[in-house]
file start-v1.pdb (PDB, C-alpha atoms and all ligand atoms)
ATOM      1  CA  MET A 817       9.659   1.820  51.185
ATOM      2  CA  GLN A 818       7.703  -1.142  52.452
ATOM      3  CA  TYR A 819       9.254  -4.595  52.361
ATOM      4  CA  LYS A 820       7.271  -7.330  50.688
ATOM      5  CA  MET A 821       7.713  -9.678  53.612
ATOM      6  CA  GLU A 822       7.169  -8.837  57.250
ATOM      7  CA  LYS A 823      10.341 -10.685  58.257
ATOM      8  CA  PRO A 824      13.428 -11.024  56.072
ATOM      9  CA  VAL A 825      14.646 -14.422  54.944
ATOM     10  CA  GLY A 826      17.692 -15.115  57.124
ATOM     11  CA  GLY A 827      20.667 -17.374  56.833
ATOM     12  CA  SER A 828      23.842 -18.326  58.635
ATOM     13  CA  ILE A 829      26.826 -20.565  58.033
ATOM     14  CA  GLY A 830      29.490 -21.941  60.343
ATOM     15  CA  GLN A 831      32.604 -23.877  59.339
ATOM     16  CA  GLU A 832      30.819 -27.019  58.178
ATOM     17  CA  LYS A 833      31.259 -26.968  54.381
ATOM     18  CA  TYR A 834      28.856 -25.603  53.065
ATOM     19  CA  GLN A 835      25.738 -26.030  55.159
ATOM     20  CA  CYS A 836      23.657 -22.887  55.444
ATOM     21  CA  THR A 837      20.710 -22.684  57.778
ATOM     22  CA  ILE A 838      17.985 -20.679  56.128
ATOM     23  CA  THR A 839      15.249 -19.235  58.303
ATOM     24  CA  TRP A 840      11.899 -18.334  56.825
ATOM     25  CA  ARG A 841       8.655 -17.214  58.445
ATOM     26  CA  ASN A 842       7.515 -20.717  59.371
ATOM     27  CA  GLY A 843      10.707 -22.637  60.082
ATOM     28  CA  GLN A 844      14.162 -23.505  58.828
ATOM     29  CA  PHE A 845      15.781 -25.580  56.104
ATOM     30  CA  ILE A 846      19.313 -26.415  54.982
ATOM     31  CA  ALA A 847      20.980 -25.175  51.823
ATOM     32  CA  ASP A 848      24.261 -26.718  50.675
ATOM     33  CA  GLU A 849      26.573 -27.116  47.711
ATOM     34  CA  PRO A 850      26.841 -30.268  45.611
ATOM     35  CA  VAL A 851      29.717 -32.670  46.308
ATOM     36  CA  LYS A 852      31.588 -31.521  43.185
ATOM     37  CA  ASN A 853      31.795 -28.046  44.744
ATOM     38  CA  GLY A 854      33.013 -29.327  48.107
ATOM     39  CA  GLY A 855      29.622 -29.529  49.842
ATOM     40  CA  LYS A 856      27.642 -32.541  51.012
ATOM     41  CA  ASP A 857      24.483 -31.947  48.970
ATOM     42  CA  THR A 858      22.333 -32.009  52.119
ATOM     43  CA  GLY A 859      20.034 -29.336  50.750
ATOM     44  CA  PRO A 860      19.325 -27.336  47.636
ATOM     45  CA  ASP A 861      22.124 -25.168  46.256
ATOM     46  CA  PRO A 862      21.608 -21.453  45.524
ATOM     47  CA  TYR A 863      20.864 -21.975  41.801
ATOM     48  CA  THR A 864      18.259 -24.577  42.698
ATOM     49  CA  LEU A 865      16.680 -22.215  45.203
ATOM     50  CA  LEU A 866      16.518 -19.450  42.613
ATOM     51  CA  LEU A 867      14.872 -21.736  40.073
ATOM     52  CA  SER A 868      12.540 -23.198  42.731
ATOM     53  CA  SER A 869      11.206 -19.746  43.357
ATOM     54  CA  LEU A 870      10.250 -19.364  39.703
ATOM     55  CA  VAL A 871       8.872 -22.897  39.446
ATOM     56  CA  SER A 872       6.665 -22.585  42.530
ATOM     57  CA  CYS A 873       5.464 -19.110  41.617
ATOM     58  CA  THR A 874       4.539 -20.301  38.132
ATOM     59  CA  LEU A 875       2.665 -23.303  39.496
ATOM     60  CA  VAL A 876       0.732 -21.298  42.081
ATOM     61  CA  THR A 877      -0.132 -18.549  39.595
ATOM     62  CA  LEU A 878      -1.355 -21.034  37.002
ATOM     63  CA  ARG A 879      -3.348 -22.996  39.564
ATOM     64  CA  MET A 880      -5.033 -19.803  40.785
ATOM     65  CA  TYR A 881      -5.919 -18.779  37.235
ATOM     66  CA  ILE A 882      -7.183 -22.234  36.242
ATOM     67  CA  ASP A 883      -9.344 -22.451  39.354
ATOM     68  CA  TYR A 884     -10.680 -18.916  38.788
ATOM     69  CA  LYS A 885     -11.650 -19.903  35.243
ATOM     70  CA  GLY A 886     -13.148 -23.190  36.425
ATOM     71  CA  TRP A 887     -11.118 -25.146  33.868
ATOM     72  CA  ASP A 888     -10.705 -28.873  34.382
ATOM     73  CA  ILE A 889      -6.910 -29.147  34.449
ATOM     74  CA  PRO A 890      -5.943 -31.543  37.243
ATOM     75  CA  ALA A 891      -2.154 -31.153  37.137
ATOM     76  CA  ILE A 892       0.545 -28.816  35.893
ATOM     77  CA  VAL A 893       4.257 -29.597  35.595
ATOM     78  CA  VAL A 894       6.987 -26.960  35.389
ATOM     79  CA  ASN A 895      10.713 -27.545  34.863
ATOM     80  CA  ALA A 896      13.280 -24.767  34.904
ATOM     81  CA  ASN A 897      16.970 -24.595  34.175
ATOM     82  CA  LEU A 898      19.426 -21.878  33.289
ATOM     83  CA  PHE A 899      22.463 -21.322  31.127
ATOM     84  CA  GLN A 900      24.868 -18.459  30.724
ATOM     85  CA  THR A 901      26.661 -16.974  27.745
ATOM     86  CA  LYS A 902      29.469 -14.483  27.720
ATOM     87  CA  GLN A 903      29.992 -11.684  25.245
ATOM     88  CA  GLY A 904      33.262 -10.045  26.136
ATOM     89  CA  GLU A 905      32.932  -8.988  29.751
ATOM     90  CA  GLU A 906      29.142  -9.166  29.722
ATOM     91  CA  ALA A 907      27.479 -12.341  30.994
ATOM     92  CA  ASN A 908      23.915 -13.086  29.934
ATOM     93  CA  THR A 909      21.759 -15.503  31.865
ATOM     94  CA  PHE A 910      18.851 -17.348  30.272
ATOM     95  CA  ILE A 911      16.256 -19.208  32.286
ATOM     96  CA  ASP A 912      14.217 -21.758  30.372
ATOM     97  CA  ARG A 913      10.853 -22.572  31.902
ATOM     98  CA  ASP A 914       9.062 -25.586  30.408
ATOM     99  CA  ILE A 915       5.363 -26.029  31.184
ATOM    100  CA  SER A 916       3.447 -29.209  30.460
ATOM    101  CA  PHE A 917       0.145 -30.804  31.390
ATOM    102  CA  PRO A 918      -0.137 -34.545  32.071
ATOM    103  CA  GLU A 919      -3.779 -34.463  30.872
ATOM    104  CA  PRO A 920      -4.756 -33.043  27.446
ATOM    105  CA  VAL A 921      -5.414 -29.276  27.346
ATOM    106  CA  ASP A 922      -6.593 -27.469  24.210
ATOM    107  CA  LYS A 923      -4.262 -25.078  22.378
ATOM    108  CA  GLU A 924      -6.204 -21.908  23.170
ATOM    109  CA  LYS A 925      -5.992 -22.563  26.905
ATOM    110  CA  LYS A 926      -2.305 -23.442  26.666
ATOM    111  CA  ASP A 927      -1.593 -20.148  24.872
ATOM    112  CA  ARG A 928      -3.434 -18.225  27.566
ATOM    113  CA  LEU A 929      -1.636 -20.070  30.352
ATOM    114  CA  GLN A 930       1.711 -19.328  28.721
ATOM    115  CA  GLU A 931       0.895 -15.606  28.928
ATOM    116  CA  ILE A 932      -0.244 -15.929  32.543
ATOM    117  CA  ALA A 933       2.991 -17.757  33.457
ATOM    118  CA  LYS A 934       5.067 -14.988  31.883
ATOM    119  CA  ASN A 935       3.410 -12.535  34.233
ATOM    120  CA  CYS A 936       3.769 -14.432  37.493
ATOM    121  CA  PRO A 937       5.215 -12.188  40.244
ATOM    122  CA  ILE A 938       8.652 -13.842  40.324
ATOM    123  CA  SER A 939       8.964 -13.620  36.517
ATOM    124  CA  LYS A 940       8.267  -9.927  36.766
ATOM    125  CA  ILE A 941      10.943  -9.498  39.428
ATOM    126  CA  LEU A 942      13.541 -11.497  37.498
ATOM    127  CA  GLU A 943      12.823  -9.732  34.214
ATOM    128  CA  GLY A 944      12.271  -6.310  35.721
ATOM    129  CA  ASN A 945      14.630  -3.726  37.063
ATOM    130  CA  LEU A 946      16.270  -5.827  39.763
ATOM    131  CA  LYS A 947      18.964  -4.398  42.009
ATOM    132  CA  VAL A 948      20.669  -6.041  44.971
ATOM    133  CA  ARG A 949      21.741  -3.656  47.712
ATOM    134  CA  THR A 950      24.350  -5.050  50.107
ATOM    135  CA  PHE A 951      24.906  -3.735  53.617
ATOM    136  CA  VAL A 952      27.421  -4.830  56.229
ATOM    137  CA  TYR A 953      26.656  -4.434  59.900
ATOM    138  CA  HIS A 954      29.239  -2.579  62.023
ATOM    139  CA  GLU A 955      29.480  -3.219  65.733
ATOM    140  CA  GLU A 956      32.804  -1.480  66.172
ATOM    141  CA  ASN A 957      32.895   2.025  67.512
ATOM    142  CA  ASP A 958      33.468   5.066  65.426
ATOM    143  CA  GLU A 959      34.761   8.315  66.790
ATOM    144  CA  LYS A 960      32.132  10.344  65.017
ATOM    145  CA  GLN A 961      28.922   9.881  66.985
ATOM    146  CA  ILE A 962      25.874  12.084  67.331
ATOM    147  CA  ARG A 963      23.418  11.480  70.146
ATOM    148  CA  TYR A 964      19.697  12.115  70.405
ATOM    149  CA  THR A 965      17.820  11.365  73.605
ATOM    150  CA  ASN A 966      14.304  11.402  74.959
ATOM    151  CA  GLY A 967      15.512  10.859  78.521
ATOM    152  CA  ASP A 968      14.537   7.212  78.365
ATOM    153  CA  VAL A 969      16.879   6.020  75.616
ATOM    154  CA  THR A 970      19.557   7.641  73.482
ATOM    155  CA  VAL A 971      19.865   7.015  69.754
ATOM    156  CA  VAL A 972      23.508   7.048  68.716
ATOM    157  CA  TRP A 973      24.127   7.826  65.039
ATOM    158  CA  LYS A 974      27.512   7.100  63.470
ATOM    159  CA  PRO A 975      27.356   9.013  60.189
ATOM    160  CA  ASP A 976      30.368   7.289  58.639
ATOM    161  CA  PHE A 977      28.571   3.941  58.836
ATOM    162  CA  CYS A 978      25.296   5.247  57.384
ATOM    163  CA  LYS A 979      24.829   3.957  53.827
ATOM    164  CA  HIS A 980      21.537   5.778  53.317
ATOM    165  CA  SER A 981      19.485   2.632  52.986
ATOM    166  CA  GLY A 982      16.358   4.701  53.555
ATOM    167  CA  ARG A 983      15.016   2.168  56.019
ATOM    168  CA  CYS A 984      14.721   4.468  59.019
ATOM    169  CA  VAL A 985      13.353   7.492  57.124
ATOM    170  CA  SER A 986      10.772   5.501  55.188
ATOM    171  CA  GLN A 987       9.637   3.237  58.001
ATOM    172  CA  LEU A 988       9.537   5.750  60.865
ATOM    173  CA  PRO A 989       9.443   9.190  59.190
ATOM    174  CA  GLN A 990       7.972  10.872  62.247
ATOM    175  CA  VAL A 991      11.332  10.277  63.958
ATOM    176  CA  PHE A 992      13.872  10.075  61.127
ATOM    177  CA  ASP A 993      13.525  12.938  58.665
ATOM    178  CA  VAL A 994      16.546  14.123  56.708
ATOM    179  CA  LYS A 995      14.826  17.427  55.853
ATOM    180  CA  ALA A 996      14.380  18.352  59.529
ATOM    181  CA  LYS A 997      16.931  19.726  61.956
ATOM    182  CA  PRO A 998      17.874  17.795  63.953
ATOM    183  CA  TRP A 999      17.098  14.905  61.635
ATOM    184  CA  VAL A1000      16.156  12.630  64.569
ATOM    185  CA  ASN A1001      13.073  13.714  66.518
ATOM    186  CA  MET A1002      12.994  11.660  69.694
ATOM    187  CA  GLN A1003       9.492  12.906  70.508
ATOM    188  CA  GLY A1004       8.064  11.603  67.228
ATOM    189  CA  ALA A1005       7.233   8.076  68.391
ATOM    190  CA  THR A1006       7.206   5.868  71.464
ATOM    191  CA  THR A1007      10.484   4.620  72.885
ATOM    192  CA  GLU A1008       9.538   1.071  71.852
ATOM    193  CA  ALA A1009       8.902   2.114  68.226
ATOM    194  CA  ILE A1010      12.254   3.928  68.132
ATOM    195  CA  ILE A1011      14.126   0.925  69.579
ATOM    196  CA  ASP A1012      12.402  -1.366  67.115
ATOM    197  CA  GLN A1013      13.378   0.830  64.172
ATOM    198  CA  VAL A1014      16.981   1.291  65.310
ATOM    199  CA  LYS A1015      17.350  -2.516  65.390
ATOM    200  CA  ARG A1016      16.486  -2.591  61.680
ATOM    201  CA  CYS A1017      19.385  -0.360  60.639
ATOM    202  CA  PRO A1018      21.420  -2.693  58.392
ATOM    203  CA  THR A1019      24.799  -1.035  58.876
ATOM    204  CA  GLY A1020      24.999  -0.374  62.618
ATOM    205  CA  ALA A1021      24.950   3.374  61.987
ATOM    206  CA  LEU A1022      22.106   3.550  64.478
ATOM    207  CA  SER A1023      22.363   2.049  67.935
ATOM    208  CA  ILE A1024      20.616   2.498  71.240
ATOM    209  CA  GLU A1025      21.905   3.406  74.660
ATOM    210  CA  TYR A1026      19.534   2.707  77.482
ATOM    211  CA  ASN A1027      19.256   5.453  80.049
ATOM    212  CA  LYS A1028      18.125   5.284  83.649
ATOM    213  CA  ASP A1029      17.319   1.761  84.764
ATOM    214  CA  ARG A1030      16.340   0.461  81.348
ATOM    215  CA  THR A1031      17.936  -2.655  79.900
ATOM    216  CA  GLY A1032      17.444  -4.069  76.390
TER
HETATM  217  S1  LIG A1101      18.650   2.737  58.491
HETATM  218 FE1  LIG A1101      20.777   3.079  59.111
HETATM  219  S2  LIG A1101      21.980   2.991  57.202
HETATM  220 FE2  LIG A1101      19.837   3.246  56.636
HETATM  221  S3  LIG A1101      19.564   5.465  56.407
HETATM  222 FE3  LIG A1101      18.977   4.941  58.499
HETATM  223  S4  LIG A1101      20.855   5.253  59.675
HETATM  224 FE4  LIG A1101      21.476   5.147  57.548
END

call {"tool": "encode", "arguments": {"input": "start-v1.pdb", "output": "structure tokens"}}
result
Amino acid sequence: MQYKMEKPVGGSIGQEKYQCTITWRNGQFIADEPVKNGGKDTGPDPYTLLLSSLVSCTLVTLRMYIDYKGWDIPAIVVNANLFQTKQGEEANTFIDRDISFPEPVDKEKKDRLQEIAKNCPISKILEGNLKVRTFVYHEENDEKQIRYTNGDVTVVWKPDFCKHSGRCVSQLPQVFDVKAKPWVNMQGATTEAIIDQVKRCPTGALSIEYNKDRTG
């Protein structure tokens, strides 16, 4: 399992309704809720952010294709909105994506660009087999702890907190291997690589104890 992005998109919120600070690879921006929902509208709301992703992906994909083809299409406009219907307990969400060109474009090219837009990466994610996995980080102690050490650091595993995200075993398999006994091989990688991987455990099932004179 390899994540698409080197660093995750992060976010945090305090008590200020409802300003979220979103951190991305090159900076930060504010997300908020509209006034009617109790926010101050100081930044885009979550629905807007979702639609922005599709809009920008569509624009970039079309621009790349148009440039590759050498077509003379100076500008592209995309608008997106969504609505939901309910059938019994089941809610269906429809996203409408409207594409237009301020300058005239012939029908054949428009048809081709419609197909290209349908296959932009974010469309494929939204229309594909999408699953959201949610993990909660635990800092509290658990009685059940198993320790593995290389003399330099000790990896502490709290099995009750492990939600089998697969992150450790897929990203550092030379250390974390569920088929091996013990499943943590402290000789499989450098101390730094092990520390780095333990920090990525989303549930707090893995933590590090520093031995000797080491500090974080
Ligand atoms: S990264 Fe943490 S939660 Fe995921 S499988 Fe490894 S120990 Fe379990």

call {"tool": "closest_residue", "arguments": {"input": "start-v1.pdb", "among": "A:His980, A:Lys995, A:Lys1015, A:Lys1028", "to": "ligand LIG 1101 (chain A)", "atoms": "only C-alpha atoms and all ligand atoms"}}
result
A:His980

call {"tool": "atom_distance", "arguments": {"input": "start-v1.pdb", "atom1": "atom CA of Pro998 of chain A", "atom2": "atom CA of Arg963 of chain A"}}
result
10.4 Å

call {"tool": "resolve_selection", "arguments": {"input": "start-v1.pdb", "expression": "the PyMOL selection byres (((chain A and resi 865) around 12) and not hetatm)", "output": "PyMOL selection string"}}
result
chain A and resi 838+845-849+859-864+866-872+896-897

call {"tool": "residues_near_ligand", "arguments": {"input": "start-v1.pdb", "ligand": "ligand LIG 1101 (chain A)", "cutoff": "12 Å", "atoms": "all atoms listed in the file", "output": "short mmCIF file (atom, residue, chain, number, x, y, z; two decimals) with C-alpha atoms, keeping the file's coordinate frame"}}
result
data_model
loop_
_atom_site.label_atom_id
_atom_site.label_comp_id
_atom_site.auth_asym_id
_atom_site.auth_seq_id
_atom_site.Cartn_x
_atom_site.Cartn_y
_atom_site.Cartn_z
CA MET A 817 9.66 1.82 51.18
CA ARG A 949 21.74 -3.66 47.71
CA THR A 950 24.35 -5.05 50.11
CA PHE A 951 24.91 -3.74 53.62
CA VAL A 952 27.42 -4.83 56.23
CA TYR A 953 26.66 -4.43 59.90
CA HIS A 954 29.24 -2.58 62.02
CA GLN A 961 28.92 9.88 66.98
CA ILE A 962 25.87 12.08 67.33
CA VAL A 971 19.86 7.02 69.75
CA VAL A 972 23.51 7.05 68.72
CA TRP A 973 24.13 7.83 65.04
CA LYS A 974 27.51 7.10 63.47
CA PRO A 975 27.36 9.01 60.19
CA ASP A 976 30.37 7.29 58.64
CA PHE A 977 28.57 3.94 58.84
CA CYS A 978 25.30 5.25 57.38
CA LYS A 979 24.83 3.96 53.83
CA HIS A 980 21.54 5.78 53.32
CA SER A 981 19.48 2.63 52.99
CA GLY A 982 16.36 4.70 53.56
CA ARG A 983 15.02 2.17 56.02
CA CYS A 984 14.72 4.47 59.02
CA VAL A 985 13.35 7.49 57.12
CA SER A 986 10.77 5.50 55.19
CA GLN A 987 9.64 3.24 58.00
CA LEU A 988 9.54 5.75 60.86
CA PRO A 989 9.44 9.19 59.19
CA VAL A 991 11.33 10.28 63.96
CA PHE A 992 13.87 10.07 61.13
CA ASP A 993 13.52 12.94 58.66
CA VAL A 994 16.55 14.12 56.71
CA TRP A 999 17.10 14.90 61.64
CA VAL A 1000 16.16 12.63 64.57
CA ILE A 1010 12.25 3.93 68.13
CA ASP A 1012 12.40 -1.37 67.11
CA GLN A 1013 13.38 0.83 64.17
CA VAL A 1014 16.98 1.29 65.31
CA LYS A 1015 17.35 -2.52 65.39
CA ARG A 1016 16.49 -2.59 61.68
CA CYS A 1017 19.39 -0.36 60.64
CA PRO A 1018 21.42 -2.69 58.39
CA THR A 1019 24.80 -1.03 58.88
CA GLY A 1020 25.00 -0.37 62.62
CA ALA A 1021 24.95 3.37 61.99
CA LEU A 1022 22.11 3.55 64.48
CA SER A 1023 22.36 2.05 67.94
CA ILE A 1024 20.62 2.50 71.24
#

call {"tool": "closest_residue", "arguments": {"input": "start-v1.pdb", "among": "A:Ile892, A:Val921, A:Leu942, A:Val948", "to": "Thr909 of chain A", "atoms": "all atoms listed in the file"}}
result
A:Leu942

call {"tool": "atom_distance", "arguments": {"input": "start-v1.pdb", "atom1": "atom CA of Gln1003 of chain A", "atom2": "atom CA of Asn966 of chain A"}}
result
6.7 Å

call {"tool": "residues_around", "arguments": {"input": "start-v1.pdb", "residues": "Arg879 of chain A", "least_positions_apart": "4", "cutoff": "10 Å", "atoms": "only C-alpha atoms", "output": "list in words"}}
result
Cys873, Thr874, Leu875, Asp883, Tyr884, Lys885, Trp887, Ile889, Pro890, Ala891, Ile892 and Leu929 of chain A

call {"tool": "residues_around", "arguments": {"input": "start-v1.pdb", "residues": "Leu898 of chain A", "least_positions_apart": "5", "cutoff": "7 Å", "atoms": "all atoms listed in the file", "output": "PDB file with C-alpha atoms, in the coordinates of the input"}}
result
ATOM      1  CA  THR A 909      21.759 -15.503  31.865  1.00  0.00           C
ATOM      2  CA  PHE A 910      18.851 -17.348  30.272  1.00  0.00           C
ATOM      3  CA  ILE A 911      16.256 -19.208  32.286  1.00  0.00           C
ATOM      4  CA  ASP A 912      14.217 -21.758  30.372  1.00  0.00           C
TER       5      ASP A 912
END

call {"tool": "closest_residue", "arguments": {"input": "start-v1.pdb", "among": "A:Glu822, A:Glu919, A:Asp968, A:Glu905", "to": "Asp888 of chain A", "atoms": "only C-alpha atoms"}}
result
A:Glu919

call {"tool": "resolve_selection", "arguments": {"input": "start-v1.pdb", "expression": "the PyMOL selection byres (((chain A and resi 933) around 12) and not hetatm)", "output": "PyMOL selection string"}}
result
chain A and resi 870-882+892+894+913-916+926-932+934-940

call {"tool": "write_last_selection", "arguments": {"input": "start-v1.pdb", "atoms": "C-alpha atoms", "output": "PDB file, in the frame of the given file"}}
result
ATOM      1  CA  LEU A 870      10.250 -19.364  39.703  1.00  0.00           C
ATOM      2  CA  VAL A 871       8.872 -22.897  39.446  1.00  0.00           C
ATOM      3  CA  SER A 872       6.665 -22.585  42.530  1.00  0.00           C
ATOM      4  CA  CYS A 873       5.464 -19.110  41.617  1.00  0.00           C
ATOM      5  CA  THR A 874       4.539 -20.301  38.132  1.00  0.00           C
ATOM      6  CA  LEU A 875       2.665 -23.303  39.496  1.00  0.00           C
ATOM      7  CA  VAL A 876       0.732 -21.298  42.081  1.00  0.00           C
ATOM      8  CA  THR A 877      -0.132 -18.549  39.595  1.00  0.00           C
ATOM      9  CA  LEU A 878      -1.355 -21.034  37.002  1.00  0.00           C
ATOM     10  CA  ARG A 879      -3.348 -22.996  39.564  1.00  0.00           C
ATOM     11  CA  MET A 880      -5.033 -19.803  40.785  1.00  0.00           C
ATOM     12  CA  TYR A 881      -5.919 -18.779  37.235  1.00  0.00           C
ATOM     13  CA  ILE A 882      -7.183 -22.234  36.242  1.00  0.00           C
ATOM     14  CA  ILE A 892       0.545 -28.816  35.893  1.00  0.00           C
ATOM     15  CA  VAL A 894       6.987 -26.960  35.389  1.00  0.00           C
ATOM     16  CA  ARG A 913      10.853 -22.572  31.902  1.00  0.00           C
ATOM     17  CA  ASP A 914       9.062 -25.586  30.408  1.00  0.00           C
ATOM     18  CA  ILE A 915       5.363 -26.029  31.184  1.00  0.00           C
ATOM     19  CA  SER A 916       3.447 -29.209  30.460  1.00  0.00           C
ATOM     20  CA  LYS A 926      -2.305 -23.442  26.666  1.00  0.00           C
ATOM     21  CA  ASP A 927      -1.593 -20.148  24.872  1.00  0.00           C
ATOM     22  CA  ARG A 928      -3.434 -18.225  27.566  1.00  0.00           C
ATOM     23  CA  LEU A 929      -1.636 -20.070  30.352  1.00  0.00           C
ATOM     24  CA  GLN A 930       1.711 -19.328  28.721  1.00  0.00           C
ATOM     25  CA  GLU A 931       0.895 -15.606  28.928  1.00  0.00           C
ATOM     26  CA  ILE A 932      -0.244 -15.929  32.543  1.00  0.00           C
ATOM     27  CA  LYS A 934       5.067 -14.988  31.883  1.00  0.00           C
ATOM     28  CA  ASN A 935       3.410 -12.535  34.233  1.00  0.00           C
ATOM     29  CA  CYS A 936       3.769 -14.432  37.493  1.00  0.00           C
ATOM     30  CA  PRO A 937       5.215 -12.188  40.244  1.00  0.00           C
ATOM     31  CA  ILE A 938       8.652 -13.842  40.324  1.00  0.00           C
ATOM     32  CA  SER A 939       8.964 -13.620  36.517  1.00  0.00           C
ATOM     33  CA  LYS A 940       8.267  -9.927  36.766  1.00  0.00           C
TER      34      LYS A 940
END

call {"tool": "atom_distance", "arguments": {"input": "start-v1.pdb", "atom1": "atom CA of Thr858 of chain A", "atom2": "atom CA of Cys836 of chain A"}}
result
9.8 Å

call {"tool": "axis_aligned_box", "arguments": {"input": "start-v1.pdb", "around": "segment 989-1007 of chain A", "padding_each_side": "8 Å", "output": "JSON"}}
result
{"center_x": 12.5, "center_y": 12.2, "center_z": 64.4, "size_x": 26.7, "size_y": 31.1, "size_z": 33.0}

call {"tool": "resolve_selection", "arguments": {"input": "start-v1.pdb", "expression": "the PyMOL selection byres (((chain A and resi 851-855) around 9) and not hetatm)", "output": "PyMOL selection string"}}
result
chain A and resi 832-835+848-850+856-858
